[in-house]
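Source file: model-v8.cif; contents: mmCIF, C-alpha atoms and all ligand atoms.
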data_coords
#
loop_
_atom_site.label_atom_id
_atom_site.label_comp_id
_atom_site.auth_asym_id
_atom_site.auth_seq_id
_atom_site.Cartn_x
_atom_site.Cartn_y
_atom_site.Cartn_z
CA MET A 1 -13.74 -43.77 42.78
CA ILE A 2 -10.53 -45.53 43.80
CA SER A 3 -8.86 -47.65 41.12
CA LYS A 4 -8.40 -51.35 41.81
CA SER A 5 -4.66 -51.11 41.70
CA GLN A 6 -4.48 -48.59 44.51
CA GLN A 7 -3.40 -49.87 47.88
CA PRO A 8 -5.50 -49.08 50.95
CA ARG A 9 -4.16 -46.10 52.79
CA ARG A 10 -4.14 -45.77 56.53
CA CYS A 11 -3.92 -42.99 59.03
CA TYR A 12 -4.27 -42.62 62.75
CA VAL A 13 -7.17 -40.70 64.20
CA TYR A 14 -6.38 -38.56 67.24
CA MET A 15 -8.80 -37.22 69.80
CA THR A 16 -8.36 -34.36 72.24
CA LEU A 17 -10.27 -35.68 75.23
CA PRO A 18 -12.63 -33.49 77.28
CA GLY A 19 -10.72 -31.16 79.59
CA GLU A 20 -7.40 -31.87 77.80
CA THR A 21 -5.38 -29.76 75.42
CA LYS A 22 -3.21 -32.50 73.92
CA PRO A 23 -4.49 -35.28 71.65
CA VAL A 24 -4.25 -39.02 72.20
CA THR A 25 -4.54 -41.74 69.56
CA ALA A 26 -8.12 -42.94 69.29
CA GLY A 27 -7.93 -45.42 66.46
CA ARG A 28 -6.93 -46.27 62.93
CA TYR A 29 -8.72 -45.45 59.70
CA GLU A 30 -8.12 -47.22 56.43
CA LEU A 31 -9.48 -46.28 53.03
CA GLY A 32 -9.12 -48.52 50.06
CA PRO A 33 -11.00 -50.29 47.33
CA ASP A 34 -13.00 -53.40 48.15
CA ARG A 35 -12.78 -56.40 45.81
CA SER A 36 -14.94 -54.72 43.21
CA GLY A 37 -12.97 -51.47 43.37
CA VAL A 38 -15.53 -49.51 45.40
CA PRO A 39 -14.07 -47.25 48.13
CA LEU A 40 -14.37 -48.94 51.49
CA GLY A 41 -13.60 -47.14 54.76
CA ARG A 42 -12.63 -49.08 57.87
CA PHE A 43 -12.12 -47.85 61.38
CA VAL A 44 -11.11 -49.48 64.65
CA TYR A 45 -10.65 -47.85 68.03
CA GLY A 46 -7.27 -48.64 69.58
CA ARG A 47 -7.31 -51.07 72.50
CA SER A 48 -5.43 -48.66 74.73
CA TYR A 49 -7.94 -45.91 73.86
CA LEU A 50 -10.89 -48.12 74.74
CA ALA A 51 -9.20 -48.98 78.03
CA ARG A 52 -9.14 -45.32 79.11
CA ALA A 53 -11.82 -44.43 81.60
CA GLU A 54 -12.14 -41.00 80.01
CA ALA A 55 -12.43 -42.25 76.39
CA VAL A 56 -15.29 -40.67 74.42
CA GLU A 57 -16.99 -41.73 71.18
CA ILE A 58 -16.06 -39.99 67.93
CA ASP A 59 -19.73 -39.62 67.12
CA PRO A 60 -22.95 -40.96 68.62
CA VAL A 61 -24.41 -42.56 65.49
CA GLU A 62 -21.78 -44.31 63.42
CA LEU A 63 -18.62 -44.75 65.49
CA LYS A 64 -19.75 -45.55 69.01
CA LEU A 65 -17.12 -46.68 71.50
CA ALA A 66 -16.81 -50.41 70.94
CA PRO A 67 -14.08 -52.99 70.24
CA ARG A 68 -15.16 -53.77 66.69
CA LEU A 69 -14.33 -53.09 63.09
CA TYR A 70 -16.52 -50.42 61.51
CA GLU A 71 -16.90 -50.43 57.75
CA THR A 72 -18.60 -48.00 55.38
CA MET A 73 -19.07 -47.72 51.65
CA LEU A 74 -21.13 -44.56 51.95
CA LEU A 75 -19.59 -41.18 51.15
CA ASN A 76 -16.73 -42.78 49.22
CA GLY A 77 -15.70 -44.69 52.32
CA VAL A 78 -15.35 -41.63 54.57
CA PHE A 79 -17.24 -41.93 57.87
CA GLY A 80 -19.49 -38.92 58.45
CA ALA A 81 -17.62 -37.68 61.52
CA LEU A 82 -14.31 -37.83 59.65
CA ARG A 83 -15.86 -36.03 56.68
CA ASP A 84 -17.06 -33.34 59.11
CA ALA A 85 -13.44 -32.84 60.19
CA ALA A 86 -12.18 -32.65 56.62
CA PRO A 87 -11.87 -29.48 54.58
CA ASP A 88 -14.72 -28.64 52.23
CA TYR A 89 -14.85 -26.78 48.94
CA TRP A 90 -12.78 -23.80 50.12
CA GLY A 91 -10.25 -25.76 52.22
CA ARG A 92 -9.72 -28.19 49.37
CA LEU A 93 -9.11 -25.38 46.94
CA VAL A 94 -6.43 -23.95 49.24
CA ILE A 95 -4.73 -27.34 49.64
CA GLU A 96 -4.72 -27.90 45.88
CA ARG A 97 -3.35 -24.45 45.37
CA ALA A 98 -0.63 -24.94 47.97
CA LEU A 99 0.44 -28.33 46.65
CA GLY A 100 0.21 -27.26 43.05
CA LYS A 101 -1.99 -30.23 42.14
CA GLY A 102 -5.49 -31.56 42.48
CA PRO A 103 -8.01 -32.95 42.90
CA LEU A 104 -6.56 -35.24 45.58
CA GLY A 105 -7.87 -38.36 47.31
CA GLU A 106 -10.03 -38.07 50.43
CA MET A 107 -7.17 -39.29 52.62
CA ASP A 108 -4.88 -36.59 51.26
CA TYR A 109 -7.33 -33.84 52.13
CA LEU A 110 -7.53 -35.20 55.67
CA LEU A 111 -3.78 -35.43 56.08
CA GLN A 112 -2.93 -32.16 54.36
CA SER A 113 -5.26 -29.96 56.34
CA ALA A 114 -4.09 -28.08 59.39
CA ASP A 115 -5.09 -29.03 62.89
CA ASP A 116 -7.45 -26.10 63.34
CA ARG A 117 -10.30 -28.15 61.88
CA ALA A 118 -13.71 -28.10 63.51
CA GLY A 119 -14.14 -30.45 66.46
CA ALA A 120 -11.73 -32.54 68.52
CA LEU A 121 -10.27 -34.92 65.90
CA GLY A 122 -6.87 -34.95 64.26
CA PHE A 123 -5.25 -37.16 61.65
CA GLY A 124 -1.68 -38.29 60.98
CA LEU A 125 0.60 -41.06 59.86
CA ASN A 126 2.37 -41.57 63.18
CA GLU A 127 0.88 -43.70 65.87
CA LYS A 128 1.87 -41.05 68.38
CA PRO A 129 -0.05 -37.80 67.84
CA PRO A 130 1.89 -34.62 67.13
CA ALA A 131 1.89 -31.75 69.62
CA PRO A 132 -1.23 -29.58 69.34
CA MET A 133 -1.13 -26.64 66.98
CA ARG A 134 0.06 -23.60 68.94
CA GLN A 135 0.73 -21.05 66.26
CA PHE A 136 -2.33 -19.45 64.72
CA ASN A 137 -2.63 -16.62 62.29
CA LYS A 138 -3.41 -13.42 64.18
CA THR A 139 -6.12 -10.92 63.45
CA LEU A 140 -3.23 -8.67 62.43
CA ASP A 141 -2.56 -11.04 59.53
CA LEU A 142 -6.05 -10.57 58.15
CA GLU A 143 -5.00 -8.15 55.43
CA LYS A 144 -2.52 -10.63 53.99
CA LEU A 145 -4.95 -13.54 54.41
CA GLN A 146 -7.68 -11.62 52.67
CA SER A 147 -5.50 -10.72 49.73
CA ILE A 148 -4.29 -14.33 49.27
CA ALA A 149 -7.88 -15.58 49.49
CA LEU A 150 -9.00 -13.11 46.86
CA ALA A 151 -6.09 -14.10 44.62
CA ILE A 152 -7.11 -17.77 44.90
CA LEU A 153 -10.67 -16.89 44.00
CA LYS A 154 -9.49 -15.04 40.94
CA ASP A 155 -7.35 -17.84 39.61
CA LYS A 156 -8.18 -21.33 40.82
CA ASN A 157 -5.32 -23.02 38.97
CA PRO A 158 -2.68 -24.53 41.19
CA VAL A 159 0.56 -22.59 41.29
CA ARG A 160 4.14 -23.28 42.28
CA GLY A 161 6.92 -21.10 43.58
CA PRO A 162 6.77 -18.27 46.08
CA GLU A 163 3.00 -17.84 45.93
CA ALA A 164 2.42 -21.51 46.75
CA GLU A 165 4.78 -21.07 49.70
CA GLN A 166 2.75 -18.15 50.95
CA VAL A 167 -0.50 -20.06 50.64
CA GLN A 168 1.16 -22.94 52.45
CA LYS A 169 2.41 -20.74 55.26
CA LEU A 170 -0.57 -18.55 55.87
CA LEU A 171 -3.79 -19.79 54.43
CA LEU A 172 -3.22 -23.51 54.79
CA ARG A 173 -2.71 -22.93 58.49
CA GLY A 174 -6.24 -21.81 58.98
CA THR A 175 -8.65 -23.22 56.46
CA SER A 176 -9.46 -26.69 57.59
CA MET A 177 -12.93 -25.51 58.49
CA GLY A 178 -15.65 -26.63 56.13
CA GLY A 179 -17.83 -24.49 53.90
CA ALA A 180 -17.49 -22.90 50.51
CA ARG A 181 -16.92 -19.24 51.34
CA PRO A 182 -13.31 -18.08 51.57
CA LYS A 183 -12.26 -18.10 55.20
CA ALA A 184 -9.37 -18.41 57.62
CA VAL A 185 -8.96 -19.04 61.32
CA VAL A 186 -7.39 -16.23 63.32
CA GLU A 187 -6.52 -15.65 66.95
CA ASP A 188 -6.74 -12.58 69.13
CA SER A 189 -6.68 -12.01 72.87
CA GLU A 190 -10.21 -13.43 73.19
CA GLY A 191 -9.50 -16.71 71.41
CA LEU A 192 -10.07 -18.19 67.97
CA TRP A 193 -12.34 -16.82 65.26
CA VAL A 194 -13.51 -17.99 61.86
CA ALA A 195 -12.84 -15.06 59.52
CA LYS A 196 -15.20 -15.04 56.54
CA PHE A 197 -14.21 -12.86 53.61
CA ASN A 198 -16.54 -11.09 51.22
CA ARG A 199 -16.32 -12.28 47.63
CA PRO A 200 -16.21 -9.96 44.67
CA GLY A 201 -19.59 -10.36 43.01
CA ASP A 202 -21.53 -10.90 46.26
CA SER A 203 -25.02 -9.43 45.97
CA TRP A 204 -24.48 -7.44 49.19
CA ASN A 205 -21.92 -6.96 51.93
CA SER A 206 -22.09 -10.55 53.19
CA ALA A 207 -20.00 -9.94 56.29
CA ARG A 208 -22.33 -7.26 57.60
CA VAL A 209 -25.52 -9.01 56.52
CA GLU A 210 -24.49 -12.33 58.14
CA HIS A 211 -23.49 -10.49 61.32
CA ALA A 212 -26.89 -8.77 61.32
CA MET A 213 -28.67 -12.12 60.92
CA LEU A 214 -26.76 -13.58 63.85
CA CYS A 215 -27.79 -10.55 65.94
CA LEU A 216 -31.41 -10.88 64.77
CA ALA A 217 -31.42 -14.61 65.60
CA LYS A 218 -30.18 -13.78 69.08
CA ALA A 219 -33.05 -11.34 69.50
CA CYS A 220 -35.35 -14.25 68.53
CA GLU A 221 -34.10 -16.31 71.50
CA ILE A 222 -31.81 -18.47 69.41
CA SER A 223 -28.41 -19.42 70.77
CA VAL A 224 -25.86 -18.09 68.28
CA ALA A 225 -22.13 -17.88 67.81
CA ASP A 226 -20.65 -14.51 68.85
CA SER A 227 -19.63 -12.38 65.93
CA LYS A 228 -18.23 -9.01 64.92
CA VAL A 229 -17.21 -7.23 61.74
CA VAL A 230 -13.75 -5.75 61.22
CA SER A 231 -12.64 -3.62 58.31
CA VAL A 232 -9.31 -4.43 56.75
CA ALA A 233 -7.94 -2.64 53.70
CA ARG A 234 -11.41 -1.10 53.21
CA ARG A 235 -13.08 -4.50 53.07
CA ASP A 236 -15.33 -5.90 55.75
CA ILE A 237 -14.59 -9.29 57.28
CA LEU A 238 -16.97 -11.24 59.49
CA LEU A 239 -15.36 -12.79 62.56
CA VAL A 240 -17.34 -15.62 64.17
CA LYS A 241 -16.06 -16.81 67.53
CA ARG A 242 -15.23 -20.51 67.50
CA PHE A 243 -17.49 -22.39 69.86
CA ASP A 244 -15.56 -25.64 69.54
CA ARG A 245 -12.39 -24.19 71.13
CA GLU A 246 -11.89 -22.79 74.58
CA ARG A 247 -8.72 -21.09 75.63
CA THR A 248 -7.06 -22.20 78.90
CA LYS A 249 -3.60 -21.52 80.32
CA ALA A 250 -2.48 -24.93 79.05
CA GLY A 251 -3.75 -24.40 75.48
CA TYR A 252 -7.06 -24.89 73.72
CA LEU A 253 -9.75 -27.31 74.86
CA ARG A 254 -11.49 -28.85 71.86
CA HIS A 255 -15.13 -29.81 71.84
CA ARG A 256 -16.28 -32.66 69.65
CA MET A 257 -18.48 -31.56 66.79
CA VAL A 258 -20.65 -33.61 64.43
CA SER A 259 -22.78 -32.18 61.64
CA ALA A 260 -26.46 -32.88 61.12
CA LEU A 261 -25.45 -34.47 57.82
CA THR A 262 -23.73 -37.19 59.83
CA LEU A 263 -26.61 -37.45 62.32
CA LEU A 264 -29.00 -37.97 59.42
CA ARG A 265 -26.56 -40.46 57.83
CA ALA A 266 -26.88 -38.43 54.68
CA ASP A 267 -24.67 -37.35 51.84
CA GLY A 268 -24.19 -33.71 50.87
CA GLY A 269 -25.47 -34.41 47.37
CA ILE A 270 -28.90 -33.77 46.01
CA GLN A 271 -29.60 -37.51 45.59
CA ASP A 272 -29.70 -37.95 49.36
CA ARG A 273 -32.10 -35.07 49.83
CA ALA A 274 -34.91 -37.21 51.23
CA LYS A 275 -32.90 -37.58 54.42
CA TRP A 276 -32.47 -33.83 54.84
CA SER A 277 -35.19 -33.14 57.36
CA TYR A 278 -35.71 -30.93 60.40
CA VAL A 279 -38.28 -33.41 61.64
CA LEU A 280 -35.86 -36.34 61.48
CA LEU A 281 -33.13 -34.16 62.93
CA ALA A 282 -35.37 -33.23 65.86
CA GLU A 283 -35.85 -36.92 66.53
CA GLU A 284 -32.11 -37.56 66.43
CA LEU A 285 -31.56 -34.67 68.85
CA ARG A 286 -34.21 -36.06 71.19
CA ARG A 287 -32.36 -39.37 71.21
CA LEU A 288 -28.83 -38.01 71.53
CA CYS A 289 -28.87 -34.76 73.44
CA ALA A 290 -28.65 -34.56 77.19
CA GLU A 291 -31.56 -32.10 77.23
CA PRO A 292 -33.91 -33.34 74.47
CA ARG A 293 -36.73 -30.90 75.11
CA LYS A 294 -34.41 -27.91 75.00
CA ALA A 295 -32.64 -29.11 71.84
CA ALA A 296 -35.84 -29.91 69.94
CA ALA A 297 -37.44 -26.54 70.78
CA GLU A 298 -34.24 -24.73 69.80
CA LEU A 299 -34.23 -26.53 66.45
CA PHE A 300 -37.86 -25.54 65.93
CA ARG A 301 -36.95 -21.88 66.54
CA ARG A 302 -34.05 -22.08 64.07
CA MET A 303 -36.25 -23.64 61.41
CA CYS A 304 -38.84 -20.94 61.96
CA PHE A 305 -36.20 -18.21 61.81
CA ASN A 306 -34.75 -19.58 58.57
CA ALA A 307 -38.25 -19.54 57.05
CA LEU A 308 -38.80 -15.95 58.20
CA ILE A 309 -35.53 -14.65 56.73
CA SER A 310 -35.55 -16.89 53.60
CA ASN A 311 -32.33 -18.62 54.59
CA ILE A 312 -32.55 -21.41 52.06
CA ASP A 313 -28.91 -22.39 52.61
CA ASP A 314 -29.94 -24.15 55.83
CA HIS A 315 -28.59 -27.53 54.68
CA PRO A 316 -27.48 -30.16 57.22
CA ARG A 317 -23.85 -29.05 57.28
CA ASN A 318 -25.06 -25.77 58.67
CA HIS A 319 -26.36 -27.51 61.80
CA ALA A 320 -24.21 -29.39 64.28
CA ILE A 321 -24.05 -30.91 67.72
CA ILE A 322 -21.11 -30.40 70.05
CA ALA A 323 -19.84 -32.05 73.22
CA LYS A 324 -17.62 -30.25 75.66
CA ASP A 325 -17.65 -33.21 78.04
CA ARG A 326 -19.60 -36.41 77.48
CA ASP A 327 -22.97 -34.89 76.72
CA TRP A 328 -24.03 -33.76 73.27
CA LYS A 329 -26.03 -30.61 72.63
CA LEU A 330 -27.01 -28.47 69.65
CA SER A 331 -24.14 -26.13 68.75
CA PRO A 332 -24.75 -22.39 68.62
CA ALA A 333 -26.29 -21.36 65.29
CA TYR A 334 -23.92 -20.24 62.49
CA ASP A 335 -23.95 -19.49 58.75
CA ILE A 336 -27.31 -17.75 58.66
CA THR A 337 -27.93 -15.57 55.62
CA PRO A 338 -30.98 -14.33 53.74
CA SER A 339 -31.22 -15.25 50.09
CA LYS A 340 -32.45 -13.41 47.05
CA GLN A 341 -35.89 -14.83 46.46
CA VAL A 342 -38.32 -13.95 43.76
CA SER A 343 -41.48 -15.89 44.58
CA LEU A 344 -43.86 -14.13 46.94
CA GLU A 345 -46.07 -17.19 47.42
CA HIS A 346 -43.80 -20.11 47.89
CA ARG A 347 -40.28 -20.55 49.23
CA ASP A 348 -38.59 -23.79 50.18
CA LEU A 349 -36.00 -24.36 52.87
CA ALA A 350 -33.21 -26.87 52.22
CA MET A 351 -34.65 -29.42 54.67
CA THR A 352 -38.09 -30.91 55.20
CA VAL A 353 -40.13 -28.78 57.57
CA GLY A 354 -43.42 -30.70 57.94
CA ASP A 355 -46.40 -32.20 56.11
CA LEU A 356 -45.92 -29.86 53.13
CA GLY A 357 -42.29 -30.82 52.62
CA ARG A 358 -39.76 -28.01 52.55
CA TYR A 359 -42.33 -25.23 52.18
CA ALA A 360 -41.29 -22.31 54.41
CA SER A 361 -44.73 -21.48 55.77
CA ALA A 362 -46.22 -21.13 59.23
CA GLN A 363 -48.78 -23.84 58.51
CA ASN A 364 -46.05 -26.26 57.52
CA LEU A 365 -43.84 -25.32 60.49
CA LEU A 366 -46.69 -26.08 62.86
CA SER A 367 -47.77 -29.32 61.19
CA GLN A 368 -45.24 -31.51 62.98
CA CYS A 369 -44.67 -29.44 66.11
CA ASN A 370 -45.20 -32.38 68.44
CA ARG A 371 -42.14 -34.06 66.95
CA PHE A 372 -40.24 -31.06 68.34
CA LEU A 373 -41.88 -31.76 71.72
CA LEU A 374 -44.02 -28.63 71.48
CA ASP A 375 -47.78 -28.59 71.78
CA ARG A 376 -49.74 -26.58 69.22
CA PRO A 377 -50.30 -23.45 71.37
CA GLU A 378 -46.60 -23.35 72.37
CA ALA A 379 -45.51 -23.69 68.75
CA GLU A 380 -48.01 -21.07 67.57
CA ALA A 381 -46.74 -18.67 70.21
CA ILE A 382 -43.14 -19.16 69.03
CA VAL A 383 -44.09 -18.56 65.39
CA ALA A 384 -46.17 -15.48 66.18
CA ARG A 385 -43.52 -13.97 68.45
CA MET A 386 -40.76 -14.55 65.96
CA GLU A 387 -42.76 -13.29 63.02
CA ALA A 388 -43.37 -10.03 64.91
CA GLN A 389 -39.74 -9.79 66.01
CA VAL A 390 -38.28 -10.41 62.55
CA GLY A 391 -40.84 -8.23 60.76
CA GLY A 392 -40.53 -5.41 63.27
CA SER A 393 -36.80 -5.31 63.87
CA TRP A 394 -34.81 -6.75 60.95
CA HIS A 395 -34.26 -3.29 59.49
CA SER A 396 -33.05 -1.62 62.66
CA VAL A 397 -30.82 -4.59 63.54
CA ALA A 398 -29.35 -4.54 60.04
CA ARG A 399 -28.71 -0.80 60.15
CA LYS A 400 -27.15 -1.12 63.60
CA SER A 401 -24.89 -3.84 62.20
CA GLY A 402 -23.69 -1.43 59.53
CA VAL A 403 -25.74 -2.80 56.61
CA THR A 404 -26.16 0.09 54.17
CA VAL A 405 -29.53 1.47 53.08
CA ARG A 406 -28.84 0.03 49.63
CA ASP A 407 -28.12 -3.44 50.99
CA CYS A 408 -31.23 -3.24 53.22
CA GLU A 409 -33.19 -2.58 50.06
CA ALA A 410 -31.53 -5.61 48.41
CA ILE A 411 -32.39 -7.99 51.28
CA LYS A 412 -35.76 -6.64 52.33
CA GLY A 413 -37.76 -9.14 50.25
CA ALA A 414 -36.27 -11.98 52.31
CA PHE A 415 -38.12 -11.12 55.52
CA VAL A 416 -41.58 -12.46 56.39
CA TYR A 417 -42.50 -12.99 52.73
CA PRO A 418 -46.27 -13.01 51.99
CA GLY A 419 -46.45 -16.81 51.44
CA PHE A 420 -45.26 -17.41 55.01
CA SER A 421 -48.77 -17.02 56.41
CA PHE A 422 -50.78 -18.52 53.53
CA GLY A 423 -53.24 -21.19 54.57
CA LEU A 424 -52.68 -20.64 58.25
CA GLN A 425 -55.68 -21.15 60.50
CA VAL A 426 -54.77 -20.34 64.06
CA ALA A 427 -57.15 -21.94 66.59
N1 LIG A 501 -18.24 -20.35 65.19
C1 LIG A 501 -17.86 -21.56 64.80
N2 LIG A 501 -17.21 -22.40 65.65
C2 LIG A 501 -16.84 -23.62 65.25
N3 LIG A 501 -17.05 -24.12 64.01
C3 LIG A 501 -17.70 -23.34 63.12
C4 LIG A 501 -18.13 -22.03 63.47
N4 LIG A 501 -18.73 -21.48 62.39
C5 LIG A 501 -18.66 -22.41 61.42
N5 LIG A 501 -18.05 -23.53 61.85
C6 LIG A 501 -17.73 -24.74 61.07
O1 LIG A 501 -17.14 -24.31 59.87
C7 LIG A 501 -17.91 -24.71 58.75
C8 LIG A 501 -17.93 -23.58 57.74
O2 LIG A 501 -18.49 -22.41 58.28
P1 LIG A 501 -19.72 -21.70 57.58
O3 LIG A 501 -20.00 -20.47 58.39
O4 LIG A 501 -20.81 -22.68 57.43
O5 LIG A 501 -19.07 -21.30 56.19
P2 LIG A 501 -19.68 -21.28 54.71
O6 LIG A 501 -20.49 -20.00 54.62
O7 LIG A 501 -18.50 -21.31 53.84
O8 LIG A 501 -20.55 -22.51 54.57
C9 LIG A 501 -19.27 -25.06 59.31
O9 LIG A 501 -19.93 -26.03 58.53
C10 LIG A 501 -18.95 -25.56 60.69
O10 LIG A 501 -18.51 -26.92 60.65
MG MG A 502 -21.88 -23.35 55.79
#
Can the structure in the file be given as structure tokens, please?
Amino acid sequence: MISKSQQPRRCYVYMTLPGETKPVTAGRYELGPDRSGVPLGRFVYGRSYLARAEAVEIDPVELKLAPRLYETMLLNGVFGALRDAAPDYWGRLVIERALGKGPLGEMDYLLQSADDRAGALGFGLNEKPPAPMRQFNKTLDLEKLQSIALAILKDKNPVRGPEAEQVQKLLLRGTSMGGARPKAVVEDSEGLWVAKFNRPGDSWNSARVEHAMLCLAKACEISVADSKVVSVARRDILLVKRFDRERTKAGYLRHRMVSALTLLRADGGIQDRAKWSYVLLAEELRRLCAEPRKAAAELFRRMCFNALISNIDDHPRNHAIIAKDRDWKLSPAYDITPSKQVSLEHRDLAMTVGDLGRYASAQNLLSQCNRFLLDRPEAEAIVARMEAQVGGSWHSVARKSGVTVRDCEAIKGAFVYPGFSFGLQVA
């Protein structure tokens, strides 16, 4: 909550337009208290931006291209698309650590984060945007990045002095991505990668298990982000290729990216849970995506896959749409991991699946299949094929991805749990 005495703070919002590698100024964002002290966010597109033939909307639900003042009191005054471009738990921790203070205001997190954030937006205090970020950490820096990340995890208190400088130099330049796991952005000859580090205390080798799940999803006809595992200082690191950046001779193209949380106009908190729904998301995709049928069926497959591998961390920030040009489409799948689940009868996903709420069962998956533009036989065929694929190949895919026998034992209960098929009557 912003105190009454605080002045509104402003920043400029920059956009890297489709096909371009340098940003232009898209508009101005202001965050301040309203008369009763409640955070109020305001955004206007710049006139010169609106006059550009090639101008594109920041997002297709809240900030459409129009010459008007947008206002929001939701999410502490931060528009969903701006929140998507802001650092999350991990990025915020790094910023606090680097500055030696925290927690900071929403505007500070936006302005303090590096320009390697997801999507095509940037933020700054100057009307004219700065030159695009050209220097990225290299894969060769991973050892150092990993050790700083682990040090931050060990001691979350802000520090000053040489360590803060190191965090500033290395980790700050590479952690504007969202999410809670420790991560950094690194570059190699192929382009940019999100490097996700294992945490001490993880139940299994997360890097290898997540890589295996991405491979398994691919085998289930799901479009996924490319990934690989590298070992640095005897620790495994998952590298996920960034799908919102494309290297060209002139620099990086940036694709716009908006999370499902924004599409559902929802908050990340538990109180807004009613809006977290695959069914509602499918309807948003049908409305917004250039190929509605393709997007809705792809979402159905992802929901089904998450149920079959007990990925209960499938919340709306782990789904997104992207736009390389004008058209929006579902982004490749990312952040897919099995969870440790005890119940054999009943498991819930994070989002509503169908008539039986979040219940991860075939019957529930099929109950609203028409909202995904699938008829019942088509949907049944997808579920049956995927159930066979996951059940029959998760182990070999995991072993091929370097998951140890011990870790396979630890995750095996996640796949095709008995409750998945309860109550199912196939015609
Ligand atoms: N391959 C990718 N390309 C572009 N953005 C990505 C990619 N993978 C993840 N992201 C973005 O980074 C955020 C954090 O990544 P994620 O894998 O979800 O990490 P965590 O496990 O910490 O939640 C995601 O919510 C998404 O916005
Ligand atoms: Mg995530």
Would you name the residues within 7 Å of ligand MG 502 (chain A), counting only C-alpha atoms and all ligand atoms, and put them as a list in words?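 Taking only C-alpha atoms and all ligand atoms into account, the residues around ligand MG 502 (chain A) at most 7 Å away are Gly179, Ala180, Arg317, Asn318 and Asp335 of chain A.
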Minimum-distance residue to Asp141 of chain A, chosen among A:Ala282, A:Val185, A:Ala350, A:Ala260 (using all atoms listed in the file):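 Closest residue, counting all atoms listed in the file: A:Val185.
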Quote the spacing between atom N5 of ligand LIG 501 (chain A) and atom CA of Pro332 of chain A in Å to one decimal place.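 About the pair atom N5 of ligand LIG 501 (chain A) and atom CA of Pro332 of chain A: they are 9.6 Å apart.
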Could you tell me which of A:Ser396, A:Ser361, A:Asn306, A:Thr72 comes closest to Glu30 of chain A if we count only C-alpha atoms?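 That would be A:Thr72, the residue with the smallest distance to Glu30 of chain A.
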List the spatial neighbours of Arg302 of chain A as a list of chain:residue names - criterion: any atom at most 10 Å away, only C-alpha atoms, same-chain residues fewer than 6 positions off excluded. A:Ala217, A:Cys220, A:Glu221, A:Ile222, A:Ser223, A:Tyr278, A:Ala296, A:Leu308, A:Asp314, A:His319, A:Ala333, A:Ile336
Nearest to Asp59 of chain A, chosen from A:Leu82, A:Ile152, A:Ala131, A:Val403, with all atoms listed in the file counted in the distances: A:Leu82
Could you please give me, as an MDAnalysis selection string, the residues of protein, DNA or RNA lying at most 10 Å from (-8.0, -21.4, 62.5) in the coordinate frame of the file, considering all atoms listed in the file? chainID A and resid 114:118 133 135:138 171:177 183:187 192:195 242
Let me make sure I understand: among A:Leu216, A:Met257, A:Val13, A:Val342, which one has the smallest atom-to-atom distance to Leu125 of chain A if we use only C-alpha atoms?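 That would be A:Val13, the residue with the smallest distance to Leu125 of chain A.
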Quick one: 3 Å padding each side, axis-aligned, all listed atoms of ligand LIG 501 (chain A) - centre and edge lengths in Å to one decimal, as AutoDock Vina command-line options?
--center_x -18.8 --center_y -23.5 --center_z 59.7 --size_x 10.0 --size_y 12.9 --size_z 17.8
Residue among A:Leu74, A:Leu111, A:Val258, A:Leu424 lying closest to ligand LIG 501 (chain A), counting all atoms listed in the file: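 Result for the nearest residue to ligand LIG 501 (chain A): A:Val258.
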Taking into account all atoms listed in the file, which residue in the set A:His315, A:Lys101, A:Arg68, A:Arg265 is nearest to ligand LIG 501 (chain A)?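 For ligand LIG 501 (chain A), the nearest of the given residues is A:His315.
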To one decimal place, how far is atom CA of Asn76 of chain A from atom CA of Pro130 of chain A in Å?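 Result for atom CA of Asn76 of chain A versus atom CA of Pro130 of chain A: 27.1 Å, one decimal.
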Could you jot down the atom CA of Gly105 of chain A to atom CA of Gly41 of chain A separation for me, Å, one decimal place?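 Between atom CA of Gly105 of chain A and atom CA of Gly41 of chain A the gap works out to 12.9 Å.
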Could you name the residues that touch Gly27 of chain A at 8 Å or less, counting all atoms listed in the file, but leaving out those on the same chain fewer than 5 positions away, as a PyMOL selection string? chain A and resi 12-14+43-46+49
Within 7 Å of Gly391 of chain A, counting all atoms listed in the file, which residues qualify if same-chain residues fewer than 4 places away don't, as a list of chain:residue names?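 So the residues in contact are A:Glu387, A:Phe415, A:Val416.
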Nearby residues, (-21.1, -41.1, 66.0) file frame, 9 Å, only C-alpha atoms, as a VMD selection string: chain A and resid 57 to 65 80 to 81 258 262 to 263
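Excluding Leu238 of chain A and any residue on its chain fewer than 6 positions from it, the residues at most 7 Å away by only C-alpha atoms are Ala195, Lys196, Phe197, Ala207, Arg208, His211, Lys228, Val229 and Val230 of chain A.
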